[in-house]
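Here is the structure we will look at.
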Amino acid sequence: MPETSNQLLSVRNLKIEATSYPPGEPPKRITIVDGVSFDLQRGKVLGLIGESGAGKSTIGLSALAYGRGGAEITGGEVSLNGTNILALGKGGIRTIRGARVCYVAQSAAAAFNPAHRLGDQVIEASVKHGLMTREDARKRALYLFRVLGLPNPDTFGDRFPHQVSGGQLQRAMTAMALCSNPELIVFDEPTTALDVTTQIDVLAAIKHAIEETGTAALYITHDLAVVAQISDDIMVLRHGRTVEYGSVKQIIEAPTEDYTRALVNVRQEIRHEAADQSKPLLKIDNVSAQYSNGFKVLHGVSLHLCKGQTLAIVGESGSGKSTLARVVTGLLPPSDGRITFGGKPLTPALKNRPREDLRRIQLIYQMADTAMNPRQTVRDIIGRPLTFYYGLRGAAKTARVRELLEQIEMGNGFIDRYPAELSGGQKQRVAIARALAARPELILCDEPTSALDPLVAEGILKLLMKLQEEQQLSYVFITHDIAIVRAIADSVAVMHRGRLVRFGPKSLALSPPFDDYTDLLLKSVPEMEIGWLERVLRTRRMESAGN
Amino acid sequence: MSNSPGTESLPGLRFRERFPLLALVIERMILSILLLFAVSILIFGGVEALPGDFATTYLGQSATPQAVANIRAELGLDRPLVARYFEWLGGAVQGDFGTSWASRNSVSEQVGNRLGNSLFLAGFAAVIAVPLAVGLGMVSVHFRNRLPDKVINVISLAAISLPEFFIGYLLILYFAVNFGIATFPATVYAGMGIIERLQAIALPAATLVLVVLAHMMRMTRAAILSVMSSAYMETAELKGLSAWRAIVKHAAPNALAPIINVVALNLAYLVVGVVVVEVVFVYPGMGQYMVDAVTVRDMPVVQACGLIFAAVYIFLNMLADILAIVANPRLRHPR
């Protein structure tokens, strides 16, 4: 391989290990990253993509010779401009961190110090490394705030982290990384925690800033569609090993490995929309709701759902989509309007509802982890509603638990496991089994797949669809992910700031003509297509010029 | 219908929303005054309920019922409890704690002198102990689980485990008797120069420092350690900052609230809890004054000392609460 002066970062045979302490067993050495090699040229962007546990963040941090949470770099070489930074001492590595290589964390809200002003934090590394005077650093920060499109760039630095929004913090973090004029920036899922309409702005700002400053970057994400917009090359990782490594064009358009193909083709349509949507099981009529302090969170929402079908409710954080589910369950009684279920009005407050009504509506949460008692086995977790609603005990209960485990495609061997011994996807399956145990007619699913990796999430969605076919279940499926809506919904409700902005069968709701908000939402979802970001930004500019 | 519900409520609520910091601070102050009022009732009632009686103690063998009744009438003890309480409280608010039964002098005058001495000793000890404890706590975090951390921990724990009179006697034995580089007893009197005064109180101050050091040091260490695993500490490390700067500049400001609270408790202890140290070093402070007054049942002095100690405690804790609130940037700079 020709060793050109353009070569910035060269990673060879990287091996990273950590010690894990499983409960009740002797400590184990586990390998997080095994034999990974790649090169990065000046000014280029390499995307690292994979599921959680693929080792992508760990590899990114190795460019700063840093091991998070006890991870140790035990083999290989990380060369920056031909110098192996792993061989540098503590003092030597400090001169690189924050000066030549910078890091942008997934959650800027946690990564900024709440006690100091943003401006001081942005320029701190540049000043402390003696790269520029405080005055020059301030000027550069101002320039970067402008490049990144932050509001009121002149005074933005005077604010504290809690005074600005999540999207602005993520941009401020990018400014912090760019301030010292580094040769390399490691972006660790910088847009994952953001709403989709915010994500596109931050993504565009980051891309623009990278081009403007000519820095190189490692861009870590689990979303192939995002990384396709920003990278030159992509490396697909799984279980700490390289699956495929190539140019963006090759990975997106002609993947050679099955795993990459699965990532590219994730979430095709699973279910075709039901034709007859005229006989509602659940009918929500002009429902409003407010918190006890008088803050109004829902304004006159009306929609309905038919038996055996799926209603997808989409919206960003704060749109009121989860609140609507809380109103249906009775956790937050509506202040106005009525809800009918199976032709009969539903008692507003949970505590007044007959047990039969409680049984007919069940819930699945986003965090299966926190929705289960960590000190109960799978048998107890699934068995509880069997005893509560059907009075099952002993052998009859065990037999039914086994039957439910069968339905969620998990074997008998899991019956005596604790939640900590299950993977994220398995936990969500157990949560589904717990809901099924009550033999409900309606299941409210509150973002059940958004904490899961794409392929695991796909498995959960297919399971839900299979159960729907078999048991004529109805779902209210709350999500922020348009791709899921396309894949599974019969009807779609779009919510924005507590109001319903669009409702109807999927084919109608997701086709033009759109209202402004739905249009923005749909256009903000990254597509698995090179050049998508530029195209969207161009249309936006043309639209604003036309206005 | 209003667009922003919640603002149309009471004016008090609106003030709270507009000046959350000021509202919290005022709330703390009002609470402190109420608390002090409640404590004054407890002190007065408690002293009343004590067994024994000044008149019988004072008269000793010659306590005929008539003599006792005379003295009680002279001191106003025959009047109803509630009337005496409000009279006492009214005086105390204006700084008049009445007349000592034993010496017939004004209590306020005597307490004034003694309080000055006690505050001087406590202040001197605090000026050394607080920065030393916080500094050692940060050093401990820097070298956590290594030798310097362990040495600091063992020494400060040993100091807190020994009774304070024992530390006092040890210091006297070594520094005053064996080496002769310190003075004992630590008697101070009016007209003494500041240097002489400091020399006189070196040993009692050192004793107090050793007693309060461990508590503050360990709380500083624990508070900062709990912050060390935050994401922003990783950010500081990935900025290439030195470990010491990360601790001082990034961890410590976020650990302020618990540190301030434990410092206030220890400052209060320095003023209020020095009785034993004052007795050991024969130092003319409040503690010794109060002990003497208790032995002769000199109630106005006991009540005055009790109320002043309570006020110091409440004031320092209120100050700590307010500082801890002010240390929170979310309250100092609302959105």
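Ligands are numbered from 1 in the order shown, residues from 1 within each chain, and chains are lettered A, B, ... in the order they appear in the structure tokens.
Proximity to chain A at a cut-off of 7 Å picks out B:Pro5, B:Gly6, B:Ala231, B:Tyr232, B:Thr235, B:Leu238, B:Lys239, B:Gly240, B:Leu241, B:His250, B:Pro253, B:Asn254, B:Pro329, B:Arg330, B:Arg335 on chain B, counting only C-alpha atoms.
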Next, write the just-selected residues to a file, as a JSON list (two decimals), in the first residue's frame, keeping C-alpha atoms as the atom set.
[["chain", "number", "residue", "atom", "x", "y", "z"],
["B", 5, "PRO", "CA", -51.87, 28.15, 31.43],
["B", 6, "GLY", "CA", -50.39, 28.37, 34.89],
["B", 231, "ALA", "CA", -20.23, 11.91, 31.06],
["B", 232, "TYR", "CA", -18.83, 15.45, 31.35],
["B", 235, "THR", "CA", -15.42, 14.95, 28.10],
["B", 238, "LEU", "CA", -10.96, 13.58, 26.21],
["B", 239, "LYS", "CA", -10.16, 17.30, 25.97],
["B", 240, "GLY", "CA", -6.69, 16.38, 27.23],
["B", 241, "LEU", "CA", -7.05, 18.32, 30.47],
["B", 250, "HIS", "CA", -15.11, 20.26, 36.37],
["B", 253, "PRO", "CA", -18.32, 22.79, 41.19],
["B", 254, "ASN", "CA", -20.90, 20.04, 40.71],
["B", 329, "PRO", "CA", -26.76, 27.01, 37.83],
["B", 330, "ARG", "CA", -30.29, 25.90, 36.92],
["B", 335, "ARG", "CA", -34.18, 29.36, 31.09]]
Got a sec: who's within 10 Å of B:Gln110, counting only C-alpha atoms, leaving out chain neighbours fewer than 4 positions off, as a ChimeraX atom specification?
/B:100,105-106,114-115,286,289,301
Can you write out the residues you just picked, keeping N, CA and C atoms, as a PDB file, in the first residue's frame?
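out_37.pdb, written as the output of this step:
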ATOM      1  N   SER B 100     -27.723  38.235  85.455  1.00  0.00           N
ATOM      2  CA  SER B 100     -27.293  36.953  86.018  1.00  0.00           C
ATOM      3  C   SER B 100     -27.721  36.871  87.466  1.00  0.00           C
ATOM      4  N   ASN B 105     -24.697  40.669  87.344  1.00  0.00           N
ATOM      5  CA  ASN B 105     -24.238  41.502  86.230  1.00  0.00           C
ATOM      6  C   ASN B 105     -25.157  41.302  85.027  1.00  0.00           C
ATOM      7  N   SER B 106     -25.045  42.199  84.035  1.00  0.00           N
ATOM      8  CA  SER B 106     -25.826  42.037  82.814  1.00  0.00           C
ATOM      9  C   SER B 106     -25.303  40.816  82.048  1.00  0.00           C
ATOM     10  N   ARG B 114     -17.461  36.760  76.023  1.00  0.00           N
ATOM     11  CA  ARG B 114     -17.199  35.326  75.863  1.00  0.00           C
ATOM     12  C   ARG B 114     -17.450  34.878  74.434  1.00  0.00           C
ATOM     13  N   LEU B 115     -18.555  35.366  73.852  1.00  0.00           N
ATOM     14  CA  LEU B 115     -18.898  34.978  72.486  1.00  0.00           C
ATOM     15  C   LEU B 115     -17.791  35.413  71.531  1.00  0.00           C
ATOM     16  N   MET B 286     -17.576  30.781  75.472  1.00  0.00           N
ATOM     17  CA  MET B 286     -18.983  30.560  75.810  1.00  0.00           C
ATOM     18  C   MET B 286     -19.201  29.227  76.511  1.00  0.00           C
ATOM     19  N   TYR B 289     -18.376  29.244  80.148  1.00  0.00           N
ATOM     20  CA  TYR B 289     -19.329  30.129  80.804  1.00  0.00           C
ATOM     21  C   TYR B 289     -20.632  29.391  81.074  1.00  0.00           C
ATOM     22  N   VAL B 301     -28.344  32.934  82.327  1.00  0.00           N
ATOM     23  CA  VAL B 301     -27.124  32.686  81.550  1.00  0.00           C
ATOM     24  C   VAL B 301     -27.280  31.431  80.705  1.00  0.00           C
TER      25      VAL B 301
END
Grab the atom CA of A:Ala216 to atom CA of A:Lys56 distance for me, in Å with one decimal place.
17.1 Å
Excluding same-chain residues fewer than 4 positions from stretch 117-133 of chain B, what lies within 7 Å of it counting only C-alpha atoms, as a ChimeraX atom specification?
/B:113,137,201,205-206,208-209,213,216-217,267,270-271,284-286
Write out the residues from the selection above, keeping C-alpha atoms, as a PDB file, in the first residue's frame.
ATOM      1  CA  ASN B 113     -17.040  39.088  75.687  1.00  0.00           C
ATOM      2  CA  GLY B 137     -10.430  15.688  49.789  1.00  0.00           C
ATOM      3  CA  ILE B 201      -4.890  29.677  70.980  1.00  0.00           C
ATOM      4  CA  ALA B 205      -7.249  25.591  67.448  1.00  0.00           C
ATOM      5  CA  ALA B 206      -5.072  22.671  66.343  1.00  0.00           C
ATOM      6  CA  LEU B 208     -10.393  21.608  66.804  1.00  0.00           C
ATOM      7  CA  VAL B 209      -8.905  21.346  63.313  1.00  0.00           C
ATOM      8  CA  LEU B 213     -11.019  17.659  59.472  1.00  0.00           C
ATOM      9  CA  MET B 216     -15.337  17.461  55.847  1.00  0.00           C
ATOM     10  CA  MET B 217     -12.503  15.719  54.026  1.00  0.00           C
ATOM     11  CA  LEU B 267     -18.563  25.286  61.555  1.00  0.00           C
ATOM     12  CA  LEU B 270     -16.777  24.613  66.113  1.00  0.00           C
ATOM     13  CA  VAL B 271     -18.823  27.341  67.809  1.00  0.00           C
ATOM     14  CA  PRO B 284     -12.569  31.902  78.512  1.00  0.00           C
ATOM     15  CA  GLY B 285     -15.233  31.131  75.893  1.00  0.00           C
ATOM     16  CA  MET B 286     -18.983  30.560  75.810  1.00  0.00           C
TER      17      MET B 286
END
Could you work out how far atom CA of A:Ser322 lies from atom CA of A:Ile381, giving the answer in Å with one decimal?
23.8 Å
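Taking atom CA of A:Asn412 and atom CA of A:Gln428 as endpoints, the distance between them is 16.6 Å.
For B:Thr207, the list of residues within 9 Å, based on only C-alpha atoms and with local chain neighbours fewer than 3 positions off taken out, reads Ala125, Glu164, Phe165, Ile167, Gly168, Leu171, Ala202, Leu203, Pro204, Leu210, Val211, Val212 and Val277 of chain B.
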As an MDAnalysis selection string, list the residues of stretch 133-372 of chain A assigned to alpha helix (DSSP H) by DSSP on the backbone atoms of this structure.
chainID A and resid 134:147 153:156 166:179 196:213 224:230 248:253 258:264 321:329 355:360
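Assigned to strand (DSSP E or B) in stretch 409-506 of chain A, given DSSP computed from backbone atoms, are A:Leu442, A:Ile443, A:Leu444, A:Cys445, A:Asp446, A:Ser474, A:Tyr475, A:Val476, A:Phe477, A:Ile478, A:Thr479, A:Ser491, A:Val492, A:Ala493, A:Val494, A:Met495, A:His496, A:Arg499, A:Leu500, A:Val501, A:Arg502, A:Phe503, A:Gly504, A:Pro505.
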Keeping only C-alpha atoms, write the selected residues as a CSV table (one decimal), in the first residue's frame.
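Once everything was written out, this is again-v1.csv:
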chain,number,residue,atom,x,y,z
A,442,LEU,CA,-56.1,-4.1,22.3
A,443,ILE,CA,-52.4,-3.7,23.0
A,444,LEU,CA,-50.9,-0.2,23.3
A,445,CYS,CA,-47.3,-0.4,22.2
A,446,ASP,CA,-45.3,2.7,23.3
A,474,SER,CA,-55.6,-4.6,17.6
A,475,TYR,CA,-52.5,-2.4,18.2
A,476,VAL,CA,-52.1,1.2,18.9
A,477,PHE,CA,-48.4,1.6,17.9
A,478,ILE,CA,-46.7,4.7,19.1
A,479,THR,CA,-43.5,5.5,17.3
A,491,SER,CA,-54.1,3.6,9.7
A,492,VAL,CA,-51.9,6.5,10.7
A,493,ALA,CA,-52.3,9.4,13.0
A,494,VAL,CA,-49.7,12.2,13.0
A,495,MET,CA,-49.5,14.3,16.1
A,496,HIS,CA,-47.8,17.7,16.7
A,499,ARG,CA,-52.9,18.2,18.3
A,500,LEU,CA,-53.9,15.6,15.6
A,501,VAL,CA,-52.6,17.0,12.3
A,502,ARG,CA,-53.5,14.1,10.1
A,503,PHE,CA,-55.4,10.8,10.4
A,504,GLY,CA,-56.6,8.2,7.9
A,505,PRO,CA,-55.8,4.9,6.2
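Nearest to B:Ala23 of all the residues B:Ala293, B:Ile322, B:Val274, B:Ala246 is B:Ile322, based on only C-alpha atoms.
Comparing A:Ala349, A:Met235, A:Leu452, A:Leu533 by their smallest distance to A:Tyr219, the closest is A:Met235 (using only C-alpha atoms).
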Each stretch 86-189 of chain A residue no farther than 12 Å from stretch 9-18 of chain A, nearest pair in Å, only C-alpha atoms, as JSON lines:
{"residue": "A:Leu86", "atom": "CA", "partner": "A:Leu14", "partner_atom": "CA", "distance": 10.6}
{"residue": "A:Arg100", "atom": "CA", "partner": "A:Leu9", "partner_atom": "CA", "distance": 11.5}
{"residue": "A:Val101", "atom": "CA", "partner": "A:Leu9", "partner_atom": "CA", "distance": 10.4}
{"residue": "A:Glu183", "atom": "CA", "partner": "A:Leu9", "partner_atom": "CA", "distance": 9.5}
{"residue": "A:Leu184", "atom": "CA", "partner": "A:Leu9", "partner_atom": "CA", "distance": 8.4}
{"residue": "A:Ile185", "atom": "CA", "partner": "A:Leu9", "partner_atom": "CA", "distance": 11.2}
{"residue": "A:Val186", "atom": "CA", "partner": "A:Leu9", "partner_atom": "CA", "distance": 11.8}
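If only C-alpha atoms are the atoms counted, then among A:Leu80, A:Leu263, A:Ile123, A:Ala437 the closest residue to A:Val236 is A:Leu263.
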Near-stretch 304-306 of chain B list (7 Å; only C-alpha atoms; drop same-chain fewer than 3 positions) as a ChimeraX atom specification:
/B:43,97,290,300-301,309-310
Can you list, as number ranges by chain, every protein, DNA or RNA residue that comes within 12 Å of stretch 57-74 of chain B when you count only C-alpha atoms, leaving out same-chain residues fewer than 3 positions away?
B: 51-54, 77-80, 101-103, 294-298
Do a neighbour search on B:Glu196 at 12 Å with only C-alpha atoms, toss out local chain neighbours closer than 5 positions, and write the hits as a VMD selection string.
chain B and resid 182 to 183 186 to 191 201 to 202
